[in-house]
>>> print(open('data21.tsv').read())   # TSV, C-alpha atoms
chain	number	residue	atom	x	y	z
W	498	MET	CA	0.00	0.00	0.00
W	499	ARG	CA	0.94	3.61	-0.13
W	500	SER	CA	3.76	4.38	2.24
W	501	ALA	CA	3.20	8.10	2.75
W	502	PRO	CA	0.01	10.12	2.62
W	503	PRO	CA	-0.15	12.55	-0.28
W	504	ILE	CA	0.57	16.17	0.41
W	505	VAL	CA	-2.73	17.85	1.09
W	506	LEU	CA	-2.86	21.41	-0.13
W	507	ALA	CA	-5.26	24.01	1.16
W	508	PHE	CA	-7.90	23.11	-1.38
W	509	GLY	CA	-6.91	19.53	-1.70
W	510	PHE	CA	-6.56	20.14	-5.43
W	511	LEU	CA	-3.67	17.84	-5.94
W	512	VAL	CA	-4.88	14.94	-3.88
W	513	ALA	CA	-6.36	13.01	-6.75
W	514	VAL	CA	-3.38	13.48	-9.00
W	515	SER	CA	-0.58	12.88	-6.59
W	516	SER	CA	-2.04	9.87	-4.84
W	517	PRO	CA	-2.42	7.32	-7.65
W	518	ILE	CA	-0.14	4.54	-6.65
W	519	ALA	CA	3.23	6.16	-6.87
W	520	GLU	CA	4.71	3.27	-4.90
W	521	GLU	CA	2.54	0.52	-6.34
W	522	PRO	CA	3.84	-2.08	-8.74
W	523	ASP	CA	3.57	-0.95	-12.29
W	524	LEU	CA	-0.14	-1.22	-13.07
W	525	TYR	CA	-0.29	1.32	-15.83
W	526	GLY	CA	3.21	2.55	-16.27
W	527	GLY	CA	2.71	5.16	-13.58
W	528	GLU	CA	1.23	7.36	-16.25
W	529	PHE	CA	-1.55	9.75	-15.31
W	530	PRO	CA	-3.80	10.73	-16.89
W	531	LEU	CA	-4.14	7.86	-19.33
W	532	SER	CA	-7.21	7.56	-21.53
W	533	GLY	CA	-9.56	4.60	-21.23
W	534	TYR	CA	-8.53	3.85	-24.80
W	535	HIS	CA	-5.34	2.25	-23.50
W	536	TYR	CA	-7.22	-0.18	-21.30
W	537	MET	CA	-9.34	-1.63	-24.10
W	538	GLY	CA	-8.64	-4.73	-26.09
W	539	GLU	CA	-7.02	-4.38	-29.47
W	540	GLN	CA	-10.19	-5.12	-31.41
W	541	VAL	CA	-12.16	-2.36	-29.74
W	542	ARG	CA	-9.32	0.07	-30.42
W	543	ILE	CA	-9.37	-0.89	-34.08
W	544	LEU	CA	-13.13	-0.34	-34.12
W	545	GLN	CA	-12.72	3.13	-32.65
W	546	ASP	CA	-9.85	4.15	-34.93
W	547	ASP	CA	-11.57	3.12	-38.13
W	548	GLU	CA	-14.11	5.81	-38.87
W	549	PHE	CA	-15.79	3.52	-41.36
W	550	GLN	CA	-16.62	0.85	-38.81
W	551	ASN	CA	-16.92	3.08	-35.74
W	552	PRO	CA	-20.60	2.91	-34.77
W	553	GLY	CA	-20.32	6.25	-32.99
W	554	MET	CA	-19.70	7.95	-36.30
W	555	PHE	CA	-23.31	7.36	-37.25
W	556	ALA	CA	-24.32	9.60	-34.40
W	557	VAL	CA	-21.84	12.20	-35.59
W	558	GLU	CA	-23.35	12.05	-39.07
W	559	TYR	CA	-26.85	12.37	-37.70
W	560	GLY	CA	-25.67	15.26	-35.54
W	561	GLU	CA	-24.34	17.00	-38.61
W	562	GLU	CA	-27.77	16.70	-40.20
W	563	LEU	CA	-29.42	18.18	-37.14
W	564	TRP	CA	-26.83	20.95	-37.04
W	565	SER	CA	-27.77	22.17	-40.48
W	566	THR	CA	-31.53	21.50	-40.41
W	567	PRO	CA	-33.67	24.55	-39.58
W	568	THR	CA	-36.00	23.93	-36.67
W	569	GLY	CA	-38.22	25.74	-34.19
W	570	GLY	CA	-40.35	28.85	-34.43
W	571	LYS	CA	-37.62	31.02	-35.87
W	572	GLY	CA	-36.83	28.63	-38.68
W	573	ILE	CA	-33.12	28.72	-38.08
W	574	SER	CA	-30.56	25.99	-37.61
W	575	CYS	CA	-27.45	25.87	-35.46
W	576	GLN	CA	-25.53	26.56	-38.61
W	577	SER	CA	-27.40	29.83	-39.24
W	578	CYS	CA	-25.50	31.48	-36.40
W	579	HIS	CA	-22.52	29.27	-35.69
W	580	GLU	CA	-21.74	28.68	-39.38
W	581	ASP	CA	-18.90	26.25	-39.95
W	582	ALA	CA	-18.87	23.92	-36.97
W	583	SER	CA	-15.32	22.80	-37.63
W	584	GLU	CA	-14.20	26.32	-36.74
W	585	SER	CA	-16.84	27.69	-34.41
W	586	MET	CA	-17.17	24.53	-32.32
W	587	ARG	CA	-13.49	23.62	-32.26
W	588	GLY	CA	-12.40	23.25	-28.64
W	589	VAL	CA	-15.85	23.91	-27.20
W	590	ALA	CA	-16.43	20.41	-25.85
W	591	ALA	CA	-13.11	20.53	-24.01
W	592	ARG	CA	-14.30	23.47	-21.89
W	593	TYR	CA	-17.55	21.94	-20.63
W	594	PRO	CA	-19.06	21.72	-18.07
W	595	GLN	CA	-18.71	25.39	-17.20
W	596	PHE	CA	-20.43	27.81	-14.86
W	597	ASP	CA	-23.01	30.03	-16.51
W	598	GLU	CA	-23.41	33.44	-14.87
W	599	GLU	CA	-26.85	34.10	-16.34
W	600	LEU	CA	-28.35	30.76	-15.45
W	601	GLY	CA	-26.52	30.78	-12.14
W	602	SER	CA	-25.60	27.12	-12.42
W	603	LEU	CA	-23.21	24.67	-13.92
W	604	VAL	CA	-24.11	23.58	-17.46
W	605	ASN	CA	-22.74	20.73	-19.49
W	606	LEU	CA	-22.69	20.47	-23.25
W	607	GLU	CA	-26.06	18.72	-23.43
W	608	ALA	CA	-27.68	21.36	-21.26
W	609	ARG	CA	-26.10	24.12	-23.33
W	610	ILE	CA	-27.46	22.67	-26.55
W	611	ASN	CA	-30.93	22.45	-25.04
W	612	GLU	CA	-30.67	25.98	-23.70
W	613	MET	CA	-29.74	27.21	-27.20
W	614	LEU	CA	-32.72	25.38	-28.66
W	615	THR	CA	-35.24	26.82	-26.25
W	616	ALA	CA	-33.81	30.31	-25.72
W	617	TYR	CA	-32.58	31.23	-29.18
W	618	MET	CA	-34.29	28.96	-31.66
W	619	ASP	CA	-37.75	28.76	-30.13
W	620	ALA	CA	-37.60	24.98	-30.42
W	621	PRO	CA	-38.45	22.30	-27.87
W	622	ALA	CA	-35.54	20.89	-25.91
W	623	PHE	CA	-34.42	17.37	-26.77
W	624	PRO	CA	-35.15	14.79	-24.07
W	625	GLN	CA	-32.16	13.56	-22.07
W	626	GLU	CA	-30.40	10.61	-23.74
W	627	SER	CA	-32.47	10.97	-26.89
W	628	ASP	CA	-30.78	10.09	-30.16
W	629	GLU	CA	-31.06	13.72	-31.21
W	630	LEU	CA	-29.36	15.20	-28.17
W	631	LEU	CA	-26.63	12.57	-28.10
W	632	SER	CA	-25.98	12.92	-31.82
W	633	LEU	CA	-25.77	16.69	-31.73
W	634	THR	CA	-23.46	16.48	-28.71
W	635	ALA	CA	-21.37	13.89	-30.51
W	636	PHE	CA	-21.14	16.12	-33.56
W	637	VAL	CA	-20.06	19.14	-31.51
W	638	THR	CA	-17.58	17.03	-29.56
W	639	TYR	CA	-16.23	15.63	-32.80
W	640	GLN	CA	-15.06	19.13	-33.74
W	641	SER	CA	-12.79	19.13	-30.69
W	642	ARG	CA	-11.07	15.83	-31.28
W	643	GLY	CA	-7.44	15.94	-30.21
W	644	ILE	CA	-7.87	19.08	-28.14
W	645	PRO	CA	-6.87	18.64	-24.49
W	646	VAL	CA	-9.60	18.78	-21.89
W	647	GLY	CA	-9.34	21.94	-19.84
W	648	VAL	CA	-12.20	23.12	-17.67
W	649	ASP	CA	-12.36	26.24	-15.55
W	650	ILE	CA	-12.78	25.46	-11.86
W	651	SER	CA	-12.22	28.95	-10.54
W	652	GLY	CA	-14.84	31.25	-9.05
W	653	GLU	CA	-18.35	29.88	-8.75
W	654	ALA	CA	-17.37	26.57	-10.28
W	655	GLU	CA	-15.11	25.77	-7.36
W	656	GLN	CA	-18.00	24.82	-5.11
W	657	TYR	CA	-19.16	22.29	-7.72
W	658	TRP	CA	-15.64	21.00	-8.00
W	659	ARG	CA	-15.56	20.41	-4.23
W	660	GLU	CA	-18.88	18.58	-4.33
W	661	GLY	CA	-17.65	16.50	-7.24
W	662	HIS	CA	-14.51	15.58	-5.38
W	663	GLU	CA	-16.58	14.61	-2.38
W	664	PHE	CA	-18.84	12.48	-4.55
W	665	TYR	CA	-15.84	10.82	-6.16
W	666	THR	CA	-14.31	9.79	-2.84
W	667	GLN	CA	-17.58	8.93	-1.07
W	668	ARG	CA	-18.27	5.25	-0.50
W	669	ARG	CA	-21.71	4.31	-1.77
W	670	GLY	CA	-24.01	1.44	-2.57
W	671	GLN	CA	-24.36	-2.05	-1.26
W	672	LEU	CA	-20.80	-2.77	-2.35
W	673	ASN	CA	-19.65	0.22	-0.32
W	674	LEU	CA	-17.20	1.40	-2.95
W	675	ALA	CA	-16.01	4.88	-3.79
W	676	CYS	CA	-15.04	5.76	-7.36
W	677	ASN	CA	-11.43	6.41	-6.42
W	678	GLN	CA	-10.94	3.00	-4.84
W	679	CYS	CA	-10.91	1.43	-8.29
W	680	HIS	CA	-10.20	4.22	-10.71
W	681	ASP	CA	-7.28	5.67	-8.77
W	682	ASP	CA	-5.93	2.78	-6.79
W	683	LEU	CA	-6.60	-0.20	-9.02
W	684	ALA	CA	-6.57	1.12	-12.57
W	685	GLY	CA	-4.98	-1.37	-14.89
W	686	SER	CA	-5.92	-4.47	-12.92
W	687	ASN	CA	-8.64	-6.88	-13.91
W	688	LEU	CA	-12.17	-6.94	-12.62
W	689	ARG	CA	-13.24	-10.31	-13.94
W	690	GLY	CA	-13.25	-9.86	-17.70
W	691	ASP	CA	-12.85	-6.10	-17.57
W	692	ARG	CA	-9.76	-3.98	-17.26
W	693	ILE	CA	-10.29	-1.13	-14.82
W	694	SER	CA	-9.55	2.22	-16.42
W	695	GLN	CA	-8.70	5.47	-14.74
W	696	GLY	CA	-12.25	6.62	-15.33
W	697	HIS	CA	-11.56	9.64	-17.50
W	698	VAL	CA	-14.25	11.54	-19.35
W	699	ASN	CA	-12.30	12.66	-22.41
W	700	GLY	CA	-14.35	10.46	-24.69
W	701	PHE	CA	-18.06	11.25	-24.45
W	702	PRO	CA	-20.74	10.71	-25.65
W	703	VAL	CA	-19.50	7.18	-25.92
W	704	TYR	CA	-20.68	4.28	-28.00
W	705	ARG	CA	-20.73	1.46	-25.52
W	706	LEU	CA	-20.76	-2.06	-26.88
W	707	MET	CA	-22.51	-3.22	-23.72
W	708	TRP	CA	-25.39	-0.86	-24.45
W	709	ASN	CA	-25.33	-1.11	-28.23
W	710	SER	CA	-25.96	2.62	-28.24
W	711	MET	CA	-24.56	6.00	-27.41
W	712	GLY	CA	-24.57	7.30	-23.87
W	713	SER	CA	-23.72	10.55	-22.16
W	714	ARG	CA	-21.42	11.02	-19.18
W	715	HIS	CA	-24.44	11.08	-16.91
W	716	ARG	CA	-25.71	7.79	-18.27
W	717	MET	CA	-22.30	6.34	-17.51
W	718	PHE	CA	-22.46	7.74	-13.96
W	719	ARG	CA	-25.86	6.17	-13.54
W	720	TRP	CA	-24.47	2.90	-14.78
W	721	CYS	CA	-21.48	3.13	-12.41
W	722	ASN	CA	-23.77	3.83	-9.47
W	723	TRP	CA	-25.98	0.95	-10.44
W	724	ALA	CA	-22.91	-1.30	-10.74
W	725	VAL	CA	-21.98	-0.71	-7.10
W	726	ARG	CA	-25.64	-1.21	-6.26
W	727	ALA	CA	-26.26	2.37	-5.29
W	728	GLU	CA	-29.36	4.37	-6.12
W	729	PRO	CA	-28.50	6.40	-9.23
W	730	TYR	CA	-29.18	10.12	-9.35
W	731	GLU	CA	-31.21	11.81	-12.06
W	732	LEU	CA	-29.63	12.70	-15.39
W	733	GLY	CA	-28.55	16.31	-15.20
W	734	SER	CA	-28.76	16.44	-11.41
W	735	ARG	CA	-26.48	18.72	-9.42
W	736	GLU	CA	-24.62	15.70	-8.04
W	737	TYR	CA	-23.75	14.43	-11.50
W	738	LEU	CA	-22.92	17.87	-12.87
W	739	SER	CA	-20.48	18.38	-10.01
W	740	LEU	CA	-18.98	14.97	-10.60
W	741	GLU	CA	-18.73	15.72	-14.29
W	742	LEU	CA	-16.82	18.92	-13.58
W	743	TYR	CA	-14.52	17.17	-11.15
W	744	LEU	CA	-13.82	14.34	-13.58
W	745	ALA	CA	-13.27	16.72	-16.47
W	746	TRP	CA	-10.75	18.57	-14.32
W	747	ARG	CA	-9.20	15.23	-13.42
W	748	SER	CA	-8.87	14.46	-17.14
W	749	SER	CA	-7.11	17.77	-17.79
W	750	GLY	CA	-4.69	17.49	-20.65
W	751	LEU	CA	-6.13	14.33	-22.17
W	752	PRO	CA	-7.06	14.84	-25.82
W	753	ILE	CA	-10.77	14.63	-26.60
W	754	GLU	CA	-11.57	11.38	-28.39
W	755	ALA	CA	-14.31	11.45	-30.96
W	756	SER	CA	-16.09	9.31	-31.51
W	757	PRO	CA	-15.06	6.87	-28.76
W	758	VAL	CA	-16.03	3.22	-28.44
W	759	ARG	CA	-15.86	1.42	-25.12
W	760	PRO	CA	-16.61	-2.19	-24.26
Y	1337	MET	CA	-30.83	5.63	-34.47
Y	1338	THR	CA	-34.26	4.87	-35.74
Y	1339	LYS	CA	-33.34	5.68	-39.31
Y	1340	VAL	CA	-31.35	3.02	-41.10
Y	1341	ARG	CA	-28.11	4.37	-42.46
Y	1342	THR	CA	-25.69	2.72	-44.80
Y	1343	ARG	CA	-22.02	3.29	-45.42
Y	1344	LEU	CA	-19.93	2.08	-48.34
Y	1345	SER	CA	-16.26	2.04	-49.06
Y	1346	LEU	CA	-14.82	1.02	-52.41
Y	1347	PRO	CA	-12.32	2.70	-54.72
Y	1348	PRO	CA	-13.88	5.06	-57.30
Y	1349	MET	CA	-11.33	4.03	-59.91
Y	1350	VAL	CA	-9.66	0.66	-60.44
Y	1351	GLN	CA	-7.69	-1.06	-63.13
Y	1352	LYS	CA	-9.11	-3.93	-65.08
Y	1353	ASP	CA	-8.86	-7.20	-63.12
Y	1354	GLU	CA	-7.48	-5.37	-60.11
Y	1355	VAL	CA	-8.68	-6.98	-56.86
Y	1356	PHE	CA	-10.16	-4.47	-54.47
Y	1357	GLU	CA	-12.07	-4.62	-51.22
Y	1358	VAL	CA	-15.70	-3.60	-50.93
Y	1359	LYS	CA	-16.75	-2.64	-47.42
Y	1360	THR	CA	-20.34	-2.10	-46.35
Y	1361	LEU	CA	-22.00	-1.21	-43.09
Y	1362	VAL	CA	-25.63	-0.74	-42.17
Y	1363	THR	CA	-27.07	0.57	-38.92
Y	1364	HIS	CA	-29.62	-1.85	-37.63
Y	1365	PRO	CA	-30.51	-3.03	-34.12
Y	1366	MET	CA	-30.68	-6.68	-35.31
Y	1367	ASP	CA	-33.17	-7.60	-32.59
Y	1368	ASN	CA	-32.81	-11.35	-32.34
Y	1369	GLY	CA	-36.18	-12.02	-30.71
Y	1370	PHE	CA	-34.71	-13.42	-27.50
Y	1371	MET	CA	-34.41	-10.14	-25.60
Y	1372	PHE	CA	-36.86	-8.54	-23.23
Y	1373	SER	CA	-37.54	-4.88	-22.73
Y	1374	ARG	CA	-37.45	-3.18	-19.35
Y	1375	ASP	CA	-41.15	-3.85	-18.78
Y	1376	GLY	CA	-40.79	-7.54	-19.49
Y	1377	GLN	CA	-42.16	-7.60	-23.02
Y	1378	ARG	CA	-40.38	-9.74	-25.55
Y	1379	ILE	CA	-38.79	-7.62	-28.26
Y	1380	PRO	CA	-39.89	-9.21	-31.52
Y	1381	ARG	CA	-37.29	-10.44	-33.92
Y	1382	GLN	CA	-36.30	-7.91	-36.51
Y	1383	ILE	CA	-33.09	-8.52	-38.35
Y	1384	ILE	CA	-31.72	-8.04	-41.79
Y	1385	HIS	CA	-31.86	-11.58	-43.10
Y	1386	ARG	CA	-30.23	-11.18	-46.47
Y	1387	PHE	CA	-27.56	-9.06	-48.03
Y	1388	GLU	CA	-27.01	-8.84	-51.75
Y	1389	ALA	CA	-24.51	-7.04	-53.92
Y	1390	SER	CA	-24.89	-6.82	-57.66
Y	1391	PHE	CA	-22.76	-5.27	-60.34
Y	1392	ASN	CA	-24.48	-3.87	-63.41
Y	1393	GLY	CA	-27.58	-5.87	-62.50
Y	1394	ALA	CA	-25.85	-9.23	-62.04
Y	1395	LEU	CA	-25.70	-10.73	-58.56
Y	1396	VAL	CA	-22.07	-10.98	-57.45
Y	1397	PHE	CA	-22.30	-11.55	-53.71
Y	1398	ARG	CA	-25.00	-12.76	-51.36
Y	1399	ALA	CA	-25.14	-13.56	-47.68
Y	1400	ASP	CA	-27.88	-14.92	-45.45
Y	1401	TRP	CA	-27.79	-13.48	-41.97
Y	1402	HIS	CA	-29.30	-14.98	-38.87
Y	1403	GLU	CA	-30.09	-14.02	-35.28
Y	1404	ALA	CA	-26.51	-14.21	-34.09
Y	1405	VAL	CA	-25.32	-11.39	-36.33
Y	1406	SER	CA	-24.38	-8.34	-34.27
Y	1407	PRO	CA	-26.09	-4.96	-34.53
Y	1408	ASN	CA	-24.83	-2.64	-37.26
Y	1409	PRO	CA	-23.61	-5.50	-39.46
Y	1410	PHE	CA	-20.37	-4.99	-41.30
Y	1411	MET	CA	-19.72	-6.99	-44.46
Y	1412	SER	CA	-16.75	-6.88	-46.75
Y	1413	PHE	CA	-15.68	-8.90	-49.75
Y	1414	HIS	CA	-13.18	-8.70	-52.56
Y	1415	ALA	CA	-14.04	-8.18	-56.18
Y	1416	SER	CA	-12.55	-7.33	-59.54
Y	1417	VAL	CA	-14.32	-5.87	-62.54
Y	1418	GLN	CA	-13.85	-5.87	-66.30
Y	1419	GLU	CA	-15.75	-2.71	-67.09
Y	1420	SER	CA	-17.06	0.44	-65.47
Y	1421	GLY	CA	-20.41	0.15	-63.80
Y	1422	ILE	CA	-22.53	0.48	-60.72
Y	1423	PHE	CA	-22.49	-1.62	-57.58
Y	1424	ASP	CA	-25.94	-2.01	-56.02
Y	1425	PHE	CA	-26.31	-3.18	-52.45
Y	1426	ARG	CA	-29.53	-4.43	-50.94
Y	1427	TRP	CA	-30.31	-5.28	-47.33
Y	1428	TYR	CA	-33.55	-7.23	-46.80
Y	1429	ASP	CA	-35.23	-6.36	-43.54
Y	1430	ASP	CA	-37.63	-8.70	-41.69
Y	1431	ASP	CA	-40.33	-6.04	-41.86
Y	1432	GLY	CA	-40.27	-6.24	-45.66
Y	1433	THR	CA	-38.36	-3.09	-46.42
Y	1434	VAL	CA	-35.26	-3.24	-48.55
Y	1435	HIS	CA	-32.49	-0.81	-47.72
Y	1436	THR	CA	-30.42	0.11	-50.72
Y	1437	ALA	CA	-27.21	1.89	-51.56
Y	1438	SER	CA	-25.14	2.10	-54.70
Y	1439	ALA	CA	-21.71	3.21	-55.78
Y	1440	GLU	CA	-20.17	3.86	-59.14
Y	1441	ILE	CA	-16.84	2.40	-60.12
Y	1442	GLU	CA	-14.74	3.27	-63.11
Y	1443	VAL	CA	-12.18	1.13	-64.89
Y	1444	VAL	CA	-9.21	3.16	-66.06
>>> encode(input="data21.tsv", output="structure tokens")
Amino acid sequence: MRSAPPIVLAFGFLVAVSSPIAEEPDLYGGEFPLSGYHYMGEQVRILQDDEFQNPGMFAVEYGEELWSTPTGGKGISCQSCHEDASESMRGVAARYPQFDEELGSLVNLEARINEMLTAYMDAPAFPQESDELLSLTAFVTYQSRGIPVGVDISGEAEQYWREGHEFYTQRRGQLNLACNQCHDDLAGSNLRGDRISQGHVNGFPVYRLMWNSMGSRHRMFRWCNWAVRAEPYELGSREYLSLELYLAWRSSGLPIEASPVRP
Amino acid sequence: MTKVRTRLSLPPMVQKDEVFEVKTLVTHPMDNGFMFSRDGQRIPRQIIHRFEASFNGALVFRADWHEAVSPNPFMSFHASVQESGIFDFRWYDDDGTVHTASAEIEVV
């Protein structure tokens, strides 16, 4: 086990980064952060790398259609204002979730898209986890591929970051497990047939082979909570938004993968 | 995705008798009829049961698919052509619809 406790700074900012098994045997080359991509089997990596076969690319294509299709009372599309997504949306996904002064809360990419639809386009919001919302998110995220994740946790966002950190290290569920017990301490080892990853969020929305469909970060959180037999929170809840911000911060520097495939 | 989408990959130009790979993909849930929905209802079987590729109207490749085929079936095969023409691909769905896609190929 760890021989010395990690240095705890005033805000505890560095706890998560400095603690991962510095003294442990070499589970993942001591490298942090390391994308979940490196923990997958070769065949899944091939599937992700080949844009022809990658099932997530269908969502990106559908998202592109939605991007350029006029909708809502004003008869405009995303493209009408944002024009070329490959320029206007480049790097956007890497900055979310972020604190919105006007709304007074943390918003993630899905919530931002829905806010745009209702506030500016006079269109109904897409339901959570609908094909439309996931596809549009996937398309926007696709424009940021390769760009390192970098979220702002200063100011108002800091409180969310704290809550997210608390959530991440809180034991929960019938199995009484906290996220960090596996994703920090045991990344790289096997959990039956699965390889435990570091739990980064640089590749979302994800096409998960287990689900045969796309899923958002919040769907993954719900799944994780369910897997430790805890009661999942609602999609878009404050708990999950905070966790999302914390995890995005934890993934700082990892390039955005689009469109990712996970087992 | 409720809408069925297809994706093709084959070279636009080939030489006579050159062997090239034709890759096809179709989005389809391939419900095998053995799964249950959240409320306990059996999800009826709906798969693509046959795939056909023809070149200039003549059948060149055919495959029968069954319940064990994964969602979003990927199919590839090798071909060579003597003349320019059009590849037609047809996916036969259990519900009677036929999804189609075609690609032109030129012999240089």
>>> interface_residues(input="data21.tsv", of="chain Y", to="chain W", cutoff="9 Å", atoms="all atoms listed in the file", output="ChimeraX atom specification")
/Y:1337-1338,1341,1343-1345,1359-1361,1363,1365,1407-1408,1410
>>> closest_residue(input="data21.tsv", among="W:Tyr704, W:Tyr593, W:Trp720, W:Tyr657", to="W:Arg735", atoms="only C-alpha atoms")
W:Tyr657
>>> residues_around(input="data21.tsv", residues="W:Ala591", least_positions_apart="2", cutoff="10 Å", atoms="all atoms listed in the file", output="JSON, numbers by chain")
{"W": [587, 588, 589, 593, 594, 606, 638, 641, 642, 643, 644, 645, 646, 647, 648, 699, 745, 749, 750, 751, 752, 753]}
>>> write_last_selection(input="data21.tsv", atoms="C-alpha atoms", output="JSON list (two decimals), in the coordinates of the input")
[["chain", "number", "residue", "atom", "x", "y", "z"],
["W", 587, "ARG", "CA", -13.49, 23.62, -32.26],
["W", 588, "GLY", "CA", -12.40, 23.25, -28.64],
["W", 589, "VAL", "CA", -15.85, 23.91, -27.20],
["W", 593, "TYR", "CA", -17.55, 21.94, -20.63],
["W", 594, "PRO", "CA", -19.06, 21.72, -18.07],
["W", 606, "LEU", "CA", -22.69, 20.47, -23.25],
["W", 638, "THR", "CA", -17.58, 17.03, -29.56],
["W", 641, "SER", "CA", -12.79, 19.13, -30.69],
["W", 642, "ARG", "CA", -11.07, 15.83, -31.28],
["W", 643, "GLY", "CA", -7.44, 15.94, -30.21],
["W", 644, "ILE", "CA", -7.87, 19.08, -28.14],
["W", 645, "PRO", "CA", -6.87, 18.64, -24.49],
["W", 646, "VAL", "CA", -9.60, 18.78, -21.89],
["W", 647, "GLY", "CA", -9.34, 21.94, -19.84],
["W", 648, "VAL", "CA", -12.20, 23.12, -17.67],
["W", 699, "ASN", "CA", -12.30, 12.66, -22.41],
["W", 745, "ALA", "CA", -13.27, 16.72, -16.47],
["W", 749, "SER", "CA", -7.11, 17.77, -17.79],
["W", 750, "GLY", "CA", -4.69, 17.49, -20.65],
["W", 751, "LEU", "CA", -6.13, 14.33, -22.17],
["W", 752, "PRO", "CA", -7.06, 14.84, -25.82],
["W", 753, "ILE", "CA", -10.77, 14.63, -26.60]]
>>> atom_distance(input="data21.tsv", atom1="atom CA of Y:Phe1372", atom2="atom CA of Y:Gly1432")
22.8 Å
>>> residues_around(input="data21.tsv", residues="W:Arg716", least_positions_apart="5", cutoff="12 Å", atoms="only C-alpha atoms", output="list in words")
Gln625, Glu626, Ser627, Leu631, Phe701, Pro702, Val703, Tyr704, Arg705, Trp708, Ser710, Met711, Cys721, Asn722, Trp723, Pro729, Tyr730, Glu731, Leu732, Gly733, Ser734, Tyr737, Leu738 and Glu741 of chain W
>>> closest_residue(input="data21.tsv", among="Y:Asn1368, Y:Thr1342, Y:His1414, Y:Ala1394", to="Y:Phe1356", atoms="all atoms listed in the file")
Y:His1414
>>> residues_near_point(input="data21.tsv", point="(-14.6, 2.1, -65.0)", cutoff="8 Å", atoms="all atoms listed in the file", output="list in words")
Met1349, Val1350, Gln1351, Glu1419, Ser1420, Gly1421, Ile1441, Glu1442, Val1443 and Val1444 of chain Y
>>> residues_around(input="data21.tsv", residues="stretch 695-697 of chain W", least_positions_apart="4", cutoff="6 Å", atoms="only C-alpha atoms", output="ChimeraX atom specification")
/W:680,684,748
>>> write_last_selection(input="data21.tsv", atoms="C-alpha atoms", output="compact mmCIF listing (two decimals), keeping the file's coordinate frame")
# COMPACT_ATOMS: atom_id res chain seq x y z
CA HIS W 680 -10.20 4.22 -10.71
CA ALA W 684 -6.57 1.12 -12.57
CA SER W 748 -8.87 14.46 -17.14
>>> atom_distance(input="data21.tsv", atom1="atom CA of Y:Ile1384", atom2="atom CA of Y:His1402")
7.9 Å
>>> atom_distance(input="data21.tsv", atom1="atom CA of Y:Arg1386", atom2="atom CA of Y:Asp1424")
13.9 Å
>>> residues_around(input="data21.tsv", residues="stretch 581-585 of chain W", least_positions_apart="3", cutoff="9 Å", atoms="only C-alpha atoms", output="PDB file with C-alpha atoms, keeping the file's coordinate frame")
ATOM      1  CA  GLU W 561     -24.340  17.000 -38.610  1.00  0.00           C
ATOM      2  CA  TRP W 564     -26.830  20.950 -37.040  1.00  0.00           C
ATOM      3  CA  CYS W 575     -27.450  25.870 -35.460  1.00  0.00           C
ATOM      4  CA  GLN W 576     -25.530  26.560 -38.610  1.00  0.00           C
ATOM      5  CA  GLY W 588     -12.400  23.250 -28.640  1.00  0.00           C
ATOM      6  CA  VAL W 589     -15.850  23.910 -27.200  1.00  0.00           C
ATOM      7  CA  PHE W 636     -21.140  16.120 -33.560  1.00  0.00           C
ATOM      8  CA  VAL W 637     -20.060  19.140 -31.510  1.00  0.00           C
ATOM      9  CA  TYR W 639     -16.230  15.630 -32.800  1.00  0.00           C
ATOM     10  CA  GLN W 640     -15.060  19.130 -33.740  1.00  0.00           C
ATOM     11  CA  SER W 641     -12.790  19.130 -30.690  1.00  0.00           C
TER      12      SER W 641
END
>>> residues_around(input="data21.tsv", residues="W:Pro757", least_positions_apart="2", cutoff="6 Å", atoms="only C-alpha atoms", output="MDAnalysis selection string")
chainID W and resid 545 700 703 754:755
>>> residues_near_point(input="data21.tsv", point="(-25.7, -13.0, -39.3)", cutoff="10 Å", atoms="only C-alpha atoms", output="mmCIF file with C-alpha atoms, keeping the file's coordinate frame")
data_model
loop_
_atom_site.group_PDB
_atom_site.id
_atom_site.type_symbol
_atom_site.label_atom_id
_atom_site.label_comp_id
_atom_site.auth_asym_id
_atom_site.auth_seq_id
_atom_site.Cartn_x
_atom_site.Cartn_y
_atom_site.Cartn_z
ATOM 1 C CA MET Y 1366 -30.680 -6.680 -35.310
ATOM 2 C CA ILE Y 1383 -33.090 -8.520 -38.350
ATOM 3 C CA ILE Y 1384 -31.720 -8.040 -41.790
ATOM 4 C CA HIS Y 1385 -31.860 -11.580 -43.100
ATOM 5 C CA ARG Y 1386 -30.230 -11.180 -46.470
ATOM 6 C CA PHE Y 1387 -27.560 -9.060 -48.030
ATOM 7 C CA ALA Y 1399 -25.140 -13.560 -47.680
ATOM 8 C CA ASP Y 1400 -27.880 -14.920 -45.450
ATOM 9 C CA TRP Y 1401 -27.790 -13.480 -41.970
ATOM 10 C CA HIS Y 1402 -29.300 -14.980 -38.870
ATOM 11 C CA GLU Y 1403 -30.090 -14.020 -35.280
ATOM 12 C CA ALA Y 1404 -26.510 -14.210 -34.090
ATOM 13 C CA VAL Y 1405 -25.320 -11.390 -36.330
ATOM 14 C CA SER Y 1406 -24.380 -8.340 -34.270
ATOM 15 C CA PRO Y 1407 -26.090 -4.960 -34.530
ATOM 16 C CA PRO Y 1409 -23.610 -5.500 -39.460
ATOM 17 C CA PHE Y 1410 -20.370 -4.990 -41.300
ATOM 18 C CA MET Y 1411 -19.720 -6.990 -44.460
#
>>> closest_residue(input="data21.tsv", among="W:Cys578, W:Ala727, W:Leu742, W:Ile543", to="W:Gln671", atoms="only C-alpha atoms")
W:Ala727
>>> closest_residue(input="data21.tsv", among="W:Ile573, W:Ile610, W:Leu603, W:Met554", to="W:Asp649", atoms="all atoms listed in the file")
W:Leu603
